[in-house]
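Reviewing the structure listed below.
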Protein chains: 2
Amino acid sequence: MQATHQVVVIGGGFGGLNVTRKLRRAPVEVTLVDRRNFHLFQPLLYQVATGGLSPANIAAPLRSVFRKQANAEVLLGEVVEIDAATRQVILRDGKIPYDTLVVATGVSHQYFGHDEWEPFAPGLKSIENATAIRGRVLTAFEEAERESDPARIRAWLTFVIVGGGATGVELAGTLCELARETLRGNFRRINPADAEVILIEATDRVLPAFVPQLSAKAQASLEKLGTQVRLNNRVTNLQADFVTVQSGPTNAVQTETIPARTVLWAAGVQASPLGKAVAKATGAQLDRAGRVIVQPDCTVPGHPEIFIIGDLANFTGSDGKPLPGVAQPAIQEGRYVAKLIAARLRGQTLPPFKYRDLGSLATIGRHAAVADIGPFKISGWLAWWIWLVIHLMNIVQHQSRILVLLQWGWTYFTRNRAARLITQVPQQTDQ
Amino acid sequence: MQATHQVVVIGGGFGGLNVTRKLRRAPVEVTLVDRRNFHLFQPLLYQVATGGLSPANIAAPLRSVFRKQANAEVLLGEVVEIDAATRQVILRDGKIPYDTLVVATGVSHQYFGHDEWEPFAPGLKSIENATAIRGRVLTAFEEAERESDPARIRAWLTFVIVGGGATGVELAGTLCELARETLRGNFRRINPADAEVILIEATDRVLPAFVPQLSAKAQASLEKLGTQVRLNNRVTNLQADFVTVQSGPTNAVQTETIPARTVLWAAGVQASPLGKAVAKATGAQLDRAGRVIVQPDCTVPGHPEIFIIGDLANFTGSDGKPLPGVAQPAIQEGRYVAKLIAARLRGQTLPPFKYRDLGSLATIGRHAAVADIGPFKISGWLAWWIWLVIHLMNIVQHQSRILVLLQWGWTYFTRNRAARLITQVPQQTDQ
């Protein structure tokens with residue numbers, strides 16, 4: 001009797017989750033390896049960072065997700081290398097043999113060669129990032145309340161978000177609502193509504209992945225909420241208490257230093273280190289962000305048994321550009337790869353992967369959103385409802401759907417956000 | 001015009017929260033100082049530690065709680081000293097003058113002179129404690145799944161809880177349910193139901209604060225859930241992978257070493273360092289745990305303007321023993337002190353504080369609880385319902401009440417626990 005075909009999936013994000021699920025009826029054994037014990041619904045991470053939701057609302061324990069899938073097992077471990085010759089995944093403390101390997105470890109943020117900025121401008125990729133940002137934002141209001149010098153108060157109440165993509169826009173909109181609505185009446189010396197939220201974008205419009213008319217709508221919504229949107233601005237320096245930006249053409253550069261104690265980073269992604277491990281093991285090419293350039297069937301050249309999917313893959317779309325780093329490509333690639341693995345085991349094959357663009361969505365506060373769905377360019381409350389339904393339906397755990405809906409309803413009507421906790425303080429003894 | 005009477009309250013637990021609230025119509029200005037920005041509903045902390053609830057469900061932002069109380073302000077700060085002569089509270093970075101001072105900073109856990117045990121046996125007093133314990137417990141099952149040596153698997157699946165009071169009993173019961181119900185089918189190599197939960201208690205019964213018949217009921221319920229209850233056992237040593245216990249009379253001591261990778265500490269309390277600060281400033285006496293011995297009106301001898309309430313106070317009850325370190329004495333003392341402050345401002349006084357024992361409650365898993373309410377000694381489902389209603393009604397935020405009820409309902413019917421996240425891993429980059 002032949003041994004069962006072993007599929008190893010590295011990474012439990014949208015890509016890894018979908019390939020594993022879709023293999024549930026295939027004659028394979030799947031091992032899903034992740035360093036974390038949960039799948040994270042990243043599109044709502046900014047709501048944890050702004051105190052609207054709790055981490056558990058947007059995280060589903062992987063073991064719980066695959067409890068009933070008999071041919072899948074979850075393994076908590078850290079992959080350090082891939083041995084393509086002997087077909088083994090090398091963990092920090094062990095090895096797993098594979099017949100087919102799917103790498104889906106995604107991206108983290110990058111600082112364009114300025115890693116020294118990271119301590120001052122945290123990005124938003126993990127639960128820990130989100131609770132740390134939540135702590136920083138709330139602490140800034142606390143510090144402002146205790147400060148007497150007006151210039152220092154202003155710096156504590158200035159929040160700069162670098163990057164005008166979906167994450168930056170969503171953070172900016174939510175921070176405005178936090179300052180102007182949620183925290184109203186919470187302080188005695190400062191008025192939290194005096195907070196200034198500044199969104200810095202290097203190109204000439206926010207949401208560059210959307211059509212220009214929706215970028216304009218999004219910008220108008222942000223400005224209505226009180227965000228200062230600065231286009232064509234590049235960050236050239238930042239420290240604990242200021243951000244320096246440049247604007248204007250190269251022959252007439254203008255430099256400005258903004259005193260700000262809270263800077264959030266929503267620009268630039270960098271592939272997970274496993275991209276390099278794949279390149280080393282297979283000779284695959286990486287793009288500038290470290291993503292693996294894949295074939296039309298999501299494999300690595302010369303290694304039909306190694307698939308790269310999701311944000312870690314640079315897959316050339318029908319427009320000649322790489323697919324965007326959002327959930328849909330990862331989900332669709334995951335499903336395609338699972339079908340291809342099953343087809344191969346039946347001695348068949350499949351045509352190349354074809355990405356079906358289901359559209360883009362971004363929300364700006366309580367009512368506004370923009371939706372770019374094929375021929376439909378929608379903004380305002382209808383886009384907001386579409387955003388809400390699609391996000392709720394895609395949360396993995398049923399319980400979380402109910403809890404998230406309930407908390408959104410609560411936040412909507414009371415403008416309160418219950419998860420406004422400053423946690424992980426260095427000193428943890430009780431006062 | 002005379003300046004308004006300044007009340008400074010240190011600590012936003014049950015005591016501090018109630019004294020501040022109850023002063024809302026008094027002609028005073030209240031400053032509530034805490035190192036954390038939230039009130040923590042400690043009686044449900046064990047549910048965060050076992051993945052049933054999220055931190056935000058049992059924490060209420062203090063600013064939110066006092067948003068509408070015009071004569072109260074919240075200040076995030078760390079008190080390091082009290083200057084009783086000039087009537088000032090000394091913060092790490094500032095001073096606050098007071099006319100009346102209320103100190104309510106509670107207790108943390110202590111290791112009976114073995115502080116070196118702390119890294120191996122975390123206690124359960126803060127949100128960070130709870131999420132760290134949650135991570136340890138879940139990681140132990142993950143390690144067991146990856147281990148091949150049977151003795152090591154056993155050590156990973158052995159959970160020792162030191163201390164058979166309410167917290168220890170609640171932790172033990174919930175851990176049993178986690179292992180036998182919640183995690184069922186989640187693993188492929190180990191059976192989580194093989195986990196051994198051992199509760200170690202130094203006296204001759206669990207829940208020593210309850211009447212003996214309820215201690216016996218609680219023990220029976222624990223044993224039915226699968227907890228091994230060891231009475232008259234003293235911990236004499238513990239390290240990362242074992243606990244040593246002694247039992248038997250002094251002339252026939254028996255020593256046993258239990259291999260266990262997870263030890264949780266639910267024994268022994270130690271007063272907050274502010275107890276010492278009060279003693280230094282006023283000459284007040286401390287008891288062995290560092291609690292301030294207070295007068296019948298909750299003041300410090302010779303300082304009618306300084307009150308100590310809650311767990312930090314050693315208040316002699318009608319039975320000649322100090323009041324227990326639970327929520328009720330703190331709440332009642334807080335209300336009494338607020339009334340006394342208001343009375344004094346009217347030129348009146350009040351009779352000494354009298355504690356009204358409303359009874360004790362402890363829960364053991366999904367159905368069982370014990371309630372010791374005056375003449376009523378209740379166990380089983382009725383006690384469980386009483387426990388549920390009382391705890392729900394006492395959660396400060398309305399939203400949290402609904403969310404907690406919903407999550408309890410979910411956990412009850414599906415035996416799932418959604419907040420099973422291992423967070424705060426040292427390495428936070430994505431894989």
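Quick note on naming: the chains in the structure tokens go A, B, ... in the order shown, residues restart at 1 in each chain, and ligands are numbered from 1 in order of appearance.
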Using only C-alpha atoms, what table do you get, as JSON lines, when you list each residue of chain A with an atom no more than 6 Å from chain B, its nearest pair of atoms, and their distance in Å rounded to one decimal, rows by chain then rising number?
{"residue": "A:Ala56", "atom": "CA", "partner": "B:Ala419", "partner_atom": "CA", "distance": 4.8}
{"residue": "A:Arg63", "atom": "CA", "partner": "B:Asn186", "partner_atom": "CA", "distance": 5.1}
{"residue": "A:Arg67", "atom": "CA", "partner": "B:Asn186", "partner_atom": "CA", "distance": 5.0}
{"residue": "A:Thr105", "atom": "CA", "partner": "B:Gln431", "partner_atom": "CA", "distance": 5.7}
{"residue": "A:Gly185", "atom": "CA", "partner": "B:Arg67", "partner_atom": "CA", "distance": 5.6}
{"residue": "A:Asn186", "atom": "CA", "partner": "B:Arg67", "partner_atom": "CA", "distance": 5.0}
{"residue": "A:Ser272", "atom": "CA", "partner": "B:Gln431", "partner_atom": "CA", "distance": 6.0}
{"residue": "A:Ala419", "atom": "CA", "partner": "B:Ala56", "partner_atom": "CA", "distance": 4.8}
{"residue": "A:Gln431", "atom": "CA", "partner": "B:Thr105", "partner_atom": "CA", "distance": 5.8}
Task: Filtered DSSP result for range 186-254 of chain A, state strand (DSSP E or B), as a list of chain:residue names - done: A:Glu196, A:Val197, A:Ile198, A:Leu199, A:Ile200, A:Thr227, A:Gln228, A:Val229, A:Arg230, A:Arg234, A:Val235, A:Thr236, A:Asn237, A:Leu238, A:Phe242, A:Val243, A:Thr244, A:Val245, A:Gln246, A:Ser247, A:Gln254
Open item on the list: Based on the backbone DSSP call, show me all residues of range 59-219 of chain B assigned alpha helix (DSSP H), as a PyMOL selection string.
Closed with: chain B and resi 62-65+127-146+150-156+166-177+212-219
Please produce an output containing N, CA and C atoms for each residue in the selection, written as a compact mmCIF listing (two decimals), in the first residue's frame.
# COMPACT_ATOMS: atom_id res chain seq x y z
N LEU B 62 -11.67 53.56 33.21
CA LEU B 62 -12.08 54.41 34.33
C LEU B 62 -12.67 55.73 33.83
N ARG B 63 -12.10 56.28 32.76
CA ARG B 63 -12.62 57.56 32.25
C ARG B 63 -14.05 57.41 31.75
N SER B 64 -14.32 56.26 31.20
CA SER B 64 -15.66 55.98 30.72
C SER B 64 -16.63 55.88 31.90
N VAL B 65 -16.19 55.21 32.95
CA VAL B 65 -17.04 55.03 34.14
C VAL B 65 -17.41 56.38 34.76
N ILE B 127 -4.57 41.62 34.23
CA ILE B 127 -4.89 41.19 32.87
C ILE B 127 -3.67 40.50 32.24
N GLU B 128 -2.48 41.08 32.48
CA GLU B 128 -1.29 40.50 31.89
C GLU B 128 -1.00 39.12 32.48
N ASN B 129 -1.21 38.96 33.79
CA ASN B 129 -1.12 37.64 34.41
C ASN B 129 -2.04 36.67 33.69
N ALA B 130 -3.27 37.10 33.46
CA ALA B 130 -4.28 36.20 32.90
C ALA B 130 -3.92 35.78 31.47
N THR B 131 -3.50 36.74 30.64
CA THR B 131 -3.17 36.35 29.27
C THR B 131 -1.88 35.52 29.25
N ALA B 132 -0.98 35.77 30.19
CA ALA B 132 0.24 34.96 30.26
C ALA B 132 -0.10 33.53 30.67
N ILE B 133 -0.99 33.37 31.66
CA ILE B 133 -1.38 32.03 32.09
C ILE B 133 -2.10 31.31 30.95
N ARG B 134 -3.01 32.01 30.27
CA ARG B 134 -3.70 31.44 29.11
C ARG B 134 -2.68 30.93 28.09
N GLY B 135 -1.66 31.73 27.81
CA GLY B 135 -0.63 31.32 26.86
C GLY B 135 0.13 30.10 27.34
N ARG B 136 0.45 30.07 28.63
CA ARG B 136 1.20 28.92 29.17
C ARG B 136 0.41 27.63 29.09
N VAL B 137 -0.85 27.72 29.48
CA VAL B 137 -1.70 26.52 29.50
C VAL B 137 -1.85 25.97 28.08
N LEU B 138 -2.16 26.85 27.13
CA LEU B 138 -2.36 26.39 25.75
C LEU B 138 -1.05 25.89 25.14
N THR B 139 0.05 26.57 25.48
CA THR B 139 1.35 26.14 24.96
C THR B 139 1.71 24.76 25.49
N ALA B 140 1.33 24.46 26.73
CA ALA B 140 1.63 23.14 27.30
C ALA B 140 1.00 22.03 26.45
N PHE B 141 -0.25 22.21 26.02
CA PHE B 141 -0.87 21.20 25.16
C PHE B 141 -0.14 21.12 23.82
N GLU B 142 0.28 22.27 23.29
CA GLU B 142 1.01 22.27 22.02
C GLU B 142 2.33 21.52 22.15
N GLU B 143 3.03 21.76 23.26
CA GLU B 143 4.32 21.07 23.47
C GLU B 143 4.12 19.58 23.62
N ALA B 144 3.07 19.21 24.34
CA ALA B 144 2.78 17.78 24.51
C ALA B 144 2.53 17.13 23.15
N GLU B 145 1.80 17.82 22.27
CA GLU B 145 1.49 17.30 20.94
C GLU B 145 2.77 17.06 20.13
N ARG B 146 3.79 17.87 20.35
CA ARG B 146 5.02 17.76 19.56
C ARG B 146 6.03 16.83 20.20
N PRO B 150 7.07 9.66 26.50
CA PRO B 150 5.85 9.63 27.33
C PRO B 150 5.97 10.39 28.66
N ALA B 151 7.15 10.32 29.29
CA ALA B 151 7.30 11.02 30.57
C ALA B 151 7.22 12.53 30.37
N ARG B 152 7.81 13.01 29.29
CA ARG B 152 7.75 14.45 29.02
C ARG B 152 6.34 14.87 28.66
N ILE B 153 5.65 14.03 27.88
CA ILE B 153 4.25 14.34 27.55
C ILE B 153 3.45 14.49 28.84
N ARG B 154 3.65 13.55 29.74
CA ARG B 154 2.93 13.59 31.02
C ARG B 154 3.21 14.89 31.78
N ALA B 155 4.48 15.31 31.80
CA ALA B 155 4.82 16.55 32.52
C ALA B 155 4.15 17.77 31.87
N TRP B 156 4.08 17.77 30.51
CA TRP B 156 3.40 18.88 29.85
C TRP B 156 1.90 18.86 30.12
N ALA B 166 -11.02 30.30 46.50
CA ALA B 166 -11.95 30.44 45.37
C ALA B 166 -11.22 30.46 44.03
N THR B 167 -10.14 31.23 43.94
CA THR B 167 -9.42 31.32 42.66
C THR B 167 -8.87 29.96 42.24
N GLY B 168 -8.25 29.25 43.18
CA GLY B 168 -7.68 27.94 42.87
C GLY B 168 -8.75 26.96 42.43
N VAL B 169 -9.87 26.95 43.15
CA VAL B 169 -10.96 26.03 42.82
C VAL B 169 -11.54 26.36 41.44
N GLU B 170 -11.74 27.64 41.17
CA GLU B 170 -12.30 28.04 39.88
C GLU B 170 -11.35 27.72 38.74
N LEU B 171 -10.06 27.97 38.95
CA LEU B 171 -9.07 27.63 37.92
C LEU B 171 -9.05 26.13 37.66
N ALA B 172 -9.05 25.34 38.73
CA ALA B 172 -8.97 23.88 38.58
C ALA B 172 -10.18 23.36 37.80
N GLY B 173 -11.38 23.81 38.20
CA GLY B 173 -12.59 23.34 37.52
C GLY B 173 -12.58 23.71 36.04
N THR B 174 -12.20 24.95 35.75
CA THR B 174 -12.22 25.40 34.35
C THR B 174 -11.15 24.70 33.53
N LEU B 175 -9.98 24.46 34.12
CA LEU B 175 -8.93 23.75 33.39
C LEU B 175 -9.38 22.33 33.04
N CYS B 176 -10.07 21.67 33.96
CA CYS B 176 -10.59 20.33 33.68
C CYS B 176 -11.53 20.37 32.48
N GLU B 177 -12.42 21.36 32.47
CA GLU B 177 -13.36 21.46 31.35
C GLU B 177 -12.65 21.80 30.05
N PRO B 212 -17.71 23.92 56.35
CA PRO B 212 -17.14 22.63 55.92
C PRO B 212 -18.02 21.86 54.96
N GLN B 213 -19.36 21.90 55.13
CA GLN B 213 -20.19 21.08 54.25
C GLN B 213 -20.08 21.54 52.79
N LEU B 214 -19.90 22.85 52.57
CA LEU B 214 -19.74 23.34 51.20
C LEU B 214 -18.35 23.02 50.66
N SER B 215 -17.34 23.04 51.56
CA SER B 215 -16.00 22.61 51.13
C SER B 215 -16.07 21.19 50.58
N ALA B 216 -16.80 20.34 51.29
CA ALA B 216 -16.91 18.94 50.85
C ALA B 216 -17.64 18.84 49.52
N LYS B 217 -18.71 19.62 49.36
CA LYS B 217 -19.44 19.62 48.08
C LYS B 217 -18.53 20.08 46.95
N ALA B 218 -17.78 21.17 47.22
CA ALA B 218 -16.89 21.71 46.18
C ALA B 218 -15.85 20.67 45.79
N GLN B 219 -15.30 20.00 46.80
CA GLN B 219 -14.29 18.98 46.50
C GLN B 219 -14.88 17.85 45.67
Task: Closest of A:Ala342, A:Ile200, A:Leu350, A:Ile309 to Ser247 in chain A - atom-to-atom distances counting only C-alpha atoms - done: A:Ile200
Open item on the list: Residues near Arg401 in chain B, anyone? I mean within 8 Å using only C-alpha atoms, not counting same-chain ones fewer than 6 positions away, as a list in words.
Closed with: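 Contacts, in chain order: Asn57, Leu392, Met393 and Ile395 of chain B.
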Selected residues, C-alpha atoms, written as an mmCIF file, in the first residue's frame, please.
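Heads up, here's the output in result.cif:
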data_model
loop_
_atom_site.group_PDB
_atom_site.id
_atom_site.type_symbol
_atom_site.label_atom_id
_atom_site.label_comp_id
_atom_site.auth_asym_id
_atom_site.auth_seq_id
_atom_site.Cartn_x
_atom_site.Cartn_y
_atom_site.Cartn_z
ATOM 1 C CA ASN B 57 -15.102 41.955 28.794
ATOM 2 C CA LEU B 392 -23.313 39.602 35.622
ATOM 3 C CA MET B 393 -25.087 42.314 37.594
ATOM 4 C CA ILE B 395 -19.914 43.985 35.866
#
Task: Point-to-point distance in Å for CA of Gln42 in chain B and CA of Ala313 in chain B - done: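 It comes out at 17.6 Å.
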Task: A:Ala383, A:Val300, A:Val9, A:Leu312 ranked by distance to Gln88 in chain A, top pick (using only C-alpha atoms) - done: A:Val9
Which residues are near Ile308 in chain A? Cut-off 6 Å, only C-alpha atoms, ignore same chain within fewer than 5 positions. Put them as a compact mmCIF listing (two decimals) with C-alpha atoms, in the first residue's frame.
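Output (part_1.txt):
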# COMPACT_ATOMS: atom_id res chain seq x y z
CA VAL A 102 2.51 25.31 0.16
CA VAL A 103 4.20 28.39 1.59
CA CYS A 298 1.50 29.38 -8.33
CA ALA A 313 3.74 35.43 -3.84
Task: Shortest interatomic distance to Ile331 in chain A - which of A:Asn394, A:Thr158, A:Gln228, A:Thr100, counting only C-alpha atoms - done: A:Asn394
Task: CA of Ala220 in chain B to CA of Arg205 in chain B, straight-line distance in Å - done: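 If I compute the distance from CA of Arg205 in chain B to CA of Ala220 in chain B, I get 11.3 Å.
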TODO: Enter the distance from CA of Trp385 in chain A to CA of Leu231 in chain A, in Å, rounded to one decimal.
DONE: 28.0 Å
- [ ] Excluding Ala240 in chain B and any residue of its chain fewer than 5 positions from it, enumerate the residues within 9 Å of it, using only C-alpha atoms, and give them as a PyMOL selection string.
- [x] chain B and resi 117+119-121+260-263
TODO: Identify, on the basis of only C-alpha atoms, every residue whose closest approach to Pro329 in chain B does not exceed 12 Å; exclude the query and any residue fewer than 4 positions from it along the same chain; express the result as a ChimeraX atom specification.
DONE: /B:13-16,18,104,106,298,308-317,322-325,333-337,353-360
- [ ] Please provide as a PyMOL selection string all residues within 9 Å of Ile258 in chain B, with the sequence filter that same-chain residues fewer than 5 positions apart are discarded (counting only C-alpha atoms).
- [x] chain B and resi 155+158+160+241-245
